[in-house]
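A quick write-up on the structure given underneath.
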Amino acid sequence: MRKILVTGAAGQIGSELVPALRERYGSGNVIAAGHRTPMPDDMRDAGPAITIDVTDGESVQRSLRDHDVGTVYHMSSVLSAFAESNRQRAHSVNIDGLYNVLEAAVDNDLDQLILPSSIAAFGPDTPQDETPNETLQRPATLYGISKVFGELMGNYYVDKLGLDVRGLRLPGIISWKTEPTAGTTDYAVAIFYGAIREGRYICYLRPDTRLPMMYMPDCIKAIVDLAHADGSRLKHHTDFNVGAVSFTPAELAGVISGKVPGFSVDYEVDPLRQGIADSWPNSLDDTAAREEWDWSPSYDLNTMADDMLENLGVKLAGENRAR
Ligand code: SER
C-alpha cells in the first residue's frame with residue numbers, strides 16, 4: 001500500500017492518531033512527520049519518522065514523492081491563542097503550509113487528504129447554541145480565519161481537482177497523553193493536571209464559559225471514521241460539525257470535585273482567551289456527520305472525567321517515580 005503520513009505527529013492529536021493508524025495499517029505504513037515539537041521516543045522507535053517543514057513547499061513535495069505517500073492527515077497547525085501574538089508564524093503554517101500540502105497532494109496524486117477544521121471556524125455572529133453545520137462564519141481570530149480558508153480550499157480541491165479531501169470541525173480536545181499548549185480550550189486538560197497534582201486549579205476562563213468539547217478516543221474515532229466513510233454518501237467534505245459534550249469550567253470543576261475530594265478552582269480571567277472563547281459556539285448541531293457517516297460519540301462528561309483521572313493519575317505517578 002502507499003504510505004500514510006501524519007503532519008504535526010508530535011502534537012496533541014497527532015501523538016494519539018499516529019499509534020491508532022499504525023495499529024490499523026501496520027507500523028511501517030504510517031510515517032510520523034514532525035517539525036519543531038520534539039517527537040516522543042516511542043513514536044520514533046515504532047515506525048518511520050521524518051521532519052517536514054510545511055511552510056517549505058519543496059520539502060512537502062519531496063517528502064510525499066520520496067516516501068510514496070498516498071494519504072496525508074494534515075494535523076500541524078498554530079493554535080488559537082498563540083496565533084494571535086504570532087501572526088506571521090500563524091499565516092505561514094496555517095495558510096501557506098495548508099496550501100503547500102494541497103498542492104503537493106495534487107502533484108502526487110494522493111488518494112486522500114484529511115484536513116481538520118475547528119469550532120474556531122465560527123465567530124461572534126454565528127448562532128452559539130446547537131450551531132448549525134451551515135451558518136454564518138466570520139471568525140474573529142487568525143486561527144479561525146485559517147480554518148475557514150482550509151475548509152473552502154479543501155472543498156475547492158474536491159470540486160475543481162477531484163481530490164478526496166475530508167475534514168471536520170473539532171471541538172476542544174481533552175486528552176492525557178500529550179498536554180496541549182497555545183489553545184483556548186486547553187483549560188479543560190490543565191484542570192485535570194491541577195486536580196491530580198495540587199487539588200486546585202486557576203482557570204483563565206470565566207466559570208460560565210460554555211464550549212463544545214470531545215474526549216480524545218472520540219476524536220480519533222471521528223477522524224478515522226470520516227476517512228473511511230463511503231464517499232458516495234458524503235454531501236459535505238471538509239466542514240462537518242462533530243459534537244460530543246458541551247460544558248462550562250464550573251460544570252467540569254463540579255464533576256471533578258465529585259471524584260477528587262477537596263478539589264477547588266479559582267478564576268483569573270485571561271482577556272485574550274476569554275474573548276476567543278466568547279466568539280465560539282456553546283454546542284454543535286452535528287446532524288450532517290450523523291447522517292452522512294454515522295458519527296456518534298462514546299464518552300459523556302462523566303465517563304470522560306473518570307477515564308482522564310485514571311490515566312493521567314497513572315502517567316503522573318510514573319513521572320514522579322522517575323524523578
Ligand atoms: N483547541 C483549539 C484551540 O483552543 C480549538 O480548535 O485553539
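A note on labels: chains of the C-alpha cells are A, B, ... as shown, every chain counts residues from 1, and ligands are counted from 1 in their shown order.
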
Neighbouring residues of ligand 1 are defined here as those with any atom at most 7 Å from a ligand atom, counting only C-alpha atoms and all ligand atoms; list them as number ranges by chain. A: 79-81, 118-120, 170-173, 182-186

request  = Give me the residues within 12 Å of segment 254-270 of chain A as a VMD selection string, counting only C-alpha atoms and dropping any in the same chain fewer than 4 places off.
outcome  = chain A and resid 81 184 187 to 209 247 to 250 274 to 278 300 to 310 313

Write the residues of the preceding selection, restricted to N, CA and C atoms, as a CSV table (one decimal), in the first residue's frame.
```csv
chain,number,residue,atom,x,y,z
A,81,ALA,N,-4.7,30.7,20.6
A,81,ALA,CA,-4.1,31.8,21.5
A,81,ALA,C,-2.7,32.2,21.0
A,184,THR,N,-7.2,27.7,23.3
A,184,THR,CA,-8.1,28.4,24.2
A,184,THR,C,-8.9,27.4,25.0
A,187,TYR,N,-7.7,24.7,29.0
A,187,TYR,CA,-8.1,24.6,30.4
A,187,TYR,C,-8.7,23.3,30.8
A,188,ALA,N,-9.4,22.7,29.9
A,188,ALA,CA,-10.2,21.5,30.2
A,188,ALA,C,-9.3,20.3,30.3
A,189,VAL,N,-8.0,20.5,29.9
A,189,VAL,CA,-7.0,19.4,30.1
A,189,VAL,C,-6.2,19.8,31.4
A,190,ALA,N,-5.8,21.1,31.4
A,190,ALA,CA,-4.9,21.6,32.5
A,190,ALA,C,-5.6,21.4,33.9
A,191,ILE,N,-6.9,21.5,33.9
A,191,ILE,CA,-7.7,21.3,35.2
A,191,ILE,C,-7.5,20.0,35.8
A,192,PHE,N,-7.3,18.9,34.9
A,192,PHE,CA,-7.1,17.6,35.5
A,192,PHE,C,-5.7,17.5,36.1
A,193,TYR,N,-4.7,18.1,35.4
A,193,TYR,CA,-3.3,18.1,36.0
A,193,TYR,C,-3.4,18.8,37.3
A,194,GLY,N,-4.1,20.0,37.4
A,194,GLY,CA,-4.2,20.7,38.7
A,194,GLY,C,-4.8,19.8,39.7
A,195,ALA,N,-5.9,19.1,39.4
A,195,ALA,CA,-6.6,18.3,40.3
A,195,ALA,C,-5.8,17.2,40.9
A,196,ILE,N,-5.0,16.6,40.0
A,196,ILE,CA,-4.2,15.4,40.5
A,196,ILE,C,-3.0,15.9,41.2
A,197,ARG,N,-2.3,16.9,40.7
A,197,ARG,CA,-1.0,17.4,41.3
A,197,ARG,C,-1.2,18.2,42.6
A,198,GLU,N,-2.2,19.1,42.6
A,198,GLU,CA,-2.3,20.0,43.7
A,198,GLU,C,-3.7,20.1,44.4
A,199,GLY,N,-4.7,19.4,43.8
A,199,GLY,CA,-6.0,19.5,44.3
A,199,GLY,C,-6.6,20.9,44.1
A,200,ARG,N,-6.0,21.7,43.2
A,200,ARG,CA,-6.6,23.0,42.9
A,200,ARG,C,-6.2,23.4,41.5
A,201,TYR,N,-6.9,24.4,40.9
A,201,TYR,CA,-6.6,24.9,39.6
A,201,TYR,C,-7.0,26.3,39.5
A,202,ILE,N,-6.2,27.1,38.7
A,202,ILE,CA,-6.6,28.5,38.5
A,202,ILE,C,-7.0,28.6,37.0
A,203,CYS,N,-8.3,28.9,36.8
A,203,CYS,CA,-8.8,28.8,35.4
A,203,CYS,C,-8.8,30.2,34.8
A,204,TYR,N,-8.4,30.2,33.5
A,204,TYR,CA,-8.3,31.5,32.8
A,204,TYR,C,-9.6,31.9,32.0
A,205,LEU,N,-10.6,31.0,32.1
A,205,LEU,CA,-11.9,31.4,31.5
A,205,LEU,C,-12.9,31.6,32.7
A,206,ARG,N,-13.9,32.4,32.4
A,206,ARG,CA,-15.0,32.6,33.4
A,206,ARG,C,-15.7,31.3,33.6
A,207,PRO,N,-16.2,31.1,34.8
A,207,PRO,CA,-16.9,29.8,35.2
A,207,PRO,C,-18.1,29.4,34.3
A,208,ASP,N,-18.7,30.4,33.6
A,208,ASP,CA,-19.9,30.1,32.8
A,208,ASP,C,-19.6,30.1,31.3
A,209,THR,N,-18.3,29.9,31.0
A,209,THR,CA,-18.0,29.9,29.5
A,209,THR,C,-18.2,28.5,28.9
A,247,PHE,N,-19.7,21.9,28.0
A,247,PHE,CA,-19.8,22.2,29.4
A,247,PHE,C,-19.1,23.5,29.7
A,248,THR,N,-19.3,24.0,30.9
A,248,THR,CA,-18.6,25.2,31.4
A,248,THR,C,-17.4,24.8,32.3
A,249,PRO,N,-16.5,25.7,32.6
A,249,PRO,CA,-15.5,25.4,33.6
A,249,PRO,C,-16.1,25.0,35.0
A,250,ALA,N,-17.2,25.7,35.3
A,250,ALA,CA,-17.8,25.4,36.6
A,250,ALA,C,-18.4,24.0,36.6
A,274,GLN,N,-10.4,34.6,26.9
A,274,GLN,CA,-11.9,34.7,27.2
A,274,GLN,C,-12.6,35.3,25.9
A,275,GLY,N,-11.9,36.3,25.3
A,275,GLY,CA,-12.5,36.9,24.1
A,275,GLY,C,-12.7,35.8,23.0
A,276,ILE,N,-11.7,35.0,22.8
A,276,ILE,CA,-11.7,34.0,21.8
A,276,ILE,C,-12.9,33.0,22.1
A,277,ALA,N,-12.9,32.5,23.4
A,277,ALA,CA,-13.9,31.5,23.8
A,277,ALA,C,-15.3,32.1,23.6
A,278,ASP,N,-15.5,33.4,23.9
A,278,ASP,CA,-16.8,34.0,23.8
A,278,ASP,C,-17.3,34.1,22.3
A,300,ASP,N,-19.4,10.6,27.6
A,300,ASP,CA,-20.0,11.9,28.1
A,300,ASP,C,-19.1,12.5,29.1
A,301,LEU,N,-19.5,13.6,29.7
A,301,LEU,CA,-18.6,14.3,30.7
A,301,LEU,C,-18.2,13.4,31.8
A,302,ASN,N,-19.1,12.6,32.3
A,302,ASN,CA,-18.7,11.8,33.5
A,302,ASN,C,-17.7,10.7,33.1
A,303,THR,N,-18.0,10.0,32.0
A,303,THR,CA,-17.1,8.8,31.7
A,303,THR,C,-15.8,9.4,31.2
A,304,MET,N,-15.8,10.5,30.6
A,304,MET,CA,-14.5,11.2,30.2
A,304,MET,C,-13.7,11.5,31.4
A,305,ALA,N,-14.3,12.2,32.4
A,305,ALA,CA,-13.6,12.6,33.6
A,305,ALA,C,-13.0,11.4,34.3
A,306,ASP,N,-13.8,10.3,34.4
A,306,ASP,CA,-13.3,9.1,35.1
A,306,ASP,C,-12.0,8.6,34.4
A,307,ASP,N,-12.1,8.5,33.0
A,307,ASP,CA,-11.0,7.9,32.3
A,307,ASP,C,-9.8,8.8,32.3
A,308,MET,N,-10.0,10.1,32.3
A,308,MET,CA,-8.9,11.1,32.4
A,308,MET,C,-8.2,11.0,33.7
A,309,LEU,N,-9.0,11.0,34.8
A,309,LEU,CA,-8.4,10.9,36.1
A,309,LEU,C,-7.6,9.6,36.3
A,310,GLU,N,-8.1,8.5,35.8
A,310,GLU,CA,-7.4,7.2,35.9
A,310,GLU,C,-6.1,7.2,35.1
A,313,GLY,N,-3.6,10.0,36.2
A,313,GLY,CA,-3.1,9.6,37.5
A,313,GLY,C,-1.9,8.7,37.4
```

Could you pull out the alpha helix (DSSP H) residues of segment 82-298 of chain A, going by DSSP on the backbone, and write them as a VMD selection string?
chain A and resid 82 to 85 87 to 90 97 to 107 142 to 161 187 to 197 216 to 228 249 to 257 271 to 278 287 to 293

Selection near Ile223 of chain A, 8 Å with only C-alpha atoms, sequence-local residues under 4 positions removed, as a ChimeraX atom specification: /A:167-168,219,227

>> When you count only C-alpha atoms, which of these residues is closest to Asp111 of chain A: A:Met153, A:Ile4, A:Leu252, A:Ala229?
In response: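 Distance minimum relative to Asp111 of chain A lands on A:Ile4.
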
Atom CA of Met75 of chain A to atom CA of Ala244 of chain A, distance in Å rounded to a single decimal
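Here the two named atoms are 20.1 Å from each other.
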
Using only C-alpha atoms, the residue out of A:Gln61, A:Thr51, A:Gln112, A:Ser27 with shortest distance to Leu226 of chain A is A:Gln112

Near Ala90 of chain A, counting only C-alpha atoms, which residues have an atom at most 12 Å away, once you skip same-chain residues fewer than 3 positions from it, shown as a PyMOL selection string?
-> chain A and resi 54-55+76-87+93-98+141-147+182

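Nearest-residue note for Phe122 of chain A: choosing from A:Asp66, A:Asp56, A:Glu179, A:Asp239, the minimum distance belongs to A:Asp239, counting only C-alpha atoms.
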
- Message: To test your reading of the structure, identify every residue in segment 130-319 of chain A that backbone DSSP assigns to strand (DSSP E), and report it as a PyMOL selection string.
- Response: chain A and resi 165-166+168-170+172-174+200-203+211-215+240-241+245-247+264-267

Written selection (N, CA and C atoms) as a PDB file, in the first residue's frame:
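This is the output file part_6.pdb:
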```
ATOM      1  N   VAL A 165     -10.686  15.241  -0.398  1.00  0.00           N
ATOM      2  CA  VAL A 165     -10.312  15.977   0.819  1.00  0.00           C
ATOM      3  C   VAL A 165     -11.471  15.869   1.801  1.00  0.00           C
ATOM      4  N   ARG A 166     -11.170  15.551   3.044  1.00  0.00           N
ATOM      5  CA  ARG A 166     -12.224  15.441   4.073  1.00  0.00           C
ATOM      6  C   ARG A 166     -11.774  16.162   5.339  1.00  0.00           C
ATOM      7  N   LEU A 168     -13.254  17.883   9.440  1.00  0.00           N
ATOM      8  CA  LEU A 168     -14.304  18.024  10.434  1.00  0.00           C
ATOM      9  C   LEU A 168     -13.939  19.134  11.407  1.00  0.00           C
ATOM     10  N   ARG A 169     -14.969  19.776  11.947  1.00  0.00           N
ATOM     11  CA  ARG A 169     -14.738  20.906  12.860  1.00  0.00           C
ATOM     12  C   ARG A 169     -14.632  20.363  14.276  1.00  0.00           C
ATOM     13  N   LEU A 170     -13.403  20.163  14.711  1.00  0.00           N
ATOM     14  CA  LEU A 170     -13.201  19.563  16.022  1.00  0.00           C
ATOM     15  C   LEU A 170     -13.474  20.573  17.125  1.00  0.00           C
ATOM     16  N   GLY A 172     -12.952  21.485  21.381  1.00  0.00           N
ATOM     17  CA  GLY A 172     -11.787  21.365  22.260  1.00  0.00           C
ATOM     18  C   GLY A 172     -11.544  19.900  22.561  1.00  0.00           C
ATOM     19  N   ILE A 173     -10.294  19.469  22.458  1.00  0.00           N
ATOM     20  CA  ILE A 173      -9.997  18.042  22.645  1.00  0.00           C
ATOM     21  C   ILE A 173      -9.324  17.839  24.007  1.00  0.00           C
ATOM     22  N   ILE A 174      -9.871  16.878  24.752  1.00  0.00           N
ATOM     23  CA  ILE A 174      -9.368  16.573  26.094  1.00  0.00           C
ATOM     24  C   ILE A 174      -8.605  15.254  26.034  1.00  0.00           C
ATOM     25  N   ARG A 200      -6.011  21.711  43.217  1.00  0.00           N
ATOM     26  CA  ARG A 200      -6.584  23.011  42.870  1.00  0.00           C
ATOM     27  C   ARG A 200      -6.173  23.427  41.466  1.00  0.00           C
ATOM     28  N   TYR A 201      -6.902  24.393  40.926  1.00  0.00           N
ATOM     29  CA  TYR A 201      -6.588  24.874  39.576  1.00  0.00           C
ATOM     30  C   TYR A 201      -7.045  26.326  39.461  1.00  0.00           C
ATOM     31  N   ILE A 202      -6.222  27.127  38.748  1.00  0.00           N
ATOM     32  CA  ILE A 202      -6.617  28.513  38.471  1.00  0.00           C
ATOM     33  C   ILE A 202      -7.011  28.579  37.008  1.00  0.00           C
ATOM     34  N   CYS A 203      -8.275  28.869  36.766  1.00  0.00           N
ATOM     35  CA  CYS A 203      -8.837  28.799  35.410  1.00  0.00           C
ATOM     36  C   CYS A 203      -8.813  30.186  34.766  1.00  0.00           C
ATOM     37  N   LEU A 211     -18.398  25.685  26.144  1.00  0.00           N
ATOM     38  CA  LEU A 211     -17.737  25.355  24.875  1.00  0.00           C
ATOM     39  C   LEU A 211     -17.985  23.886  24.531  1.00  0.00           C
ATOM     40  N   PRO A 212     -18.011  23.571  23.225  1.00  0.00           N
ATOM     41  CA  PRO A 212     -18.091  22.163  22.832  1.00  0.00           C
ATOM     42  C   PRO A 212     -16.734  21.489  23.050  1.00  0.00           C
ATOM     43  N   MET A 213     -16.758  20.271  23.554  1.00  0.00           N
ATOM     44  CA  MET A 213     -15.520  19.535  23.862  1.00  0.00           C
ATOM     45  C   MET A 213     -15.677  18.076  23.430  1.00  0.00           C
ATOM     46  N   MET A 214     -14.542  17.390  23.367  1.00  0.00           N
ATOM     47  CA  MET A 214     -14.578  15.976  22.966  1.00  0.00           C
ATOM     48  C   MET A 214     -13.384  15.257  23.585  1.00  0.00           C
ATOM     49  N   TYR A 215     -13.611  14.023  24.019  1.00  0.00           N
ATOM     50  CA  TYR A 215     -12.511  13.229  24.583  1.00  0.00           C
ATOM     51  C   TYR A 215     -11.713  12.611  23.438  1.00  0.00           C
ATOM     52  N   PHE A 240     -17.554  19.225   8.422  1.00  0.00           N
ATOM     53  CA  PHE A 240     -18.560  18.564   9.263  1.00  0.00           C
ATOM     54  C   PHE A 240     -18.458  19.047  10.713  1.00  0.00           C
ATOM     55  N   ASN A 241     -19.559  19.545  11.278  1.00  0.00           N
ATOM     56  CA  ASN A 241     -19.616  19.707  12.739  1.00  0.00           C
ATOM     57  C   ASN A 241     -19.582  18.322  13.377  1.00  0.00           C
ATOM     58  N   VAL A 245     -19.540  16.533  23.817  1.00  0.00           N
ATOM     59  CA  VAL A 245     -20.043  17.091  25.069  1.00  0.00           C
ATOM     60  C   VAL A 245     -19.920  18.609  25.020  1.00  0.00           C
ATOM     61  N   SER A 246     -20.618  19.260  25.932  1.00  0.00           N
ATOM     62  CA  SER A 246     -20.563  20.716  25.996  1.00  0.00           C
ATOM     63  C   SER A 246     -20.709  21.082  27.467  1.00  0.00           C
ATOM     64  N   PHE A 247     -19.744  21.852  27.994  1.00  0.00           N
ATOM     65  CA  PHE A 247     -19.816  22.184  29.424  1.00  0.00           C
ATOM     66  C   PHE A 247     -19.065  23.481  29.698  1.00  0.00           C
ATOM     67  N   SER A 264     -10.502  22.352  44.359  1.00  0.00           N
ATOM     68  CA  SER A 264     -11.092  23.687  44.258  1.00  0.00           C
ATOM     69  C   SER A 264     -10.533  24.433  43.045  1.00  0.00           C
ATOM     70  N   VAL A 265     -11.347  25.333  42.506  1.00  0.00           N
ATOM     71  CA  VAL A 265     -10.936  26.127  41.344  1.00  0.00           C
ATOM     72  C   VAL A 265     -11.087  27.607  41.659  1.00  0.00           C
ATOM     73  N   ASP A 266     -10.079  28.385  41.276  1.00  0.00           N
ATOM     74  CA  ASP A 266     -10.179  29.848  41.316  1.00  0.00           C
ATOM     75  C   ASP A 266     -10.169  30.342  39.877  1.00  0.00           C
ATOM     76  N   TYR A 267     -10.637  31.550  39.702  1.00  0.00           N
ATOM     77  CA  TYR A 267     -10.730  32.086  38.345  1.00  0.00           C
ATOM     78  C   TYR A 267      -9.924  33.371  38.230  1.00  0.00           C
TER      79      TYR A 267
END
```

Taken to one decimal, the atom CA of Arg138 of chain A-atom CA of Ser279 of chain A distance is 9.7 Å
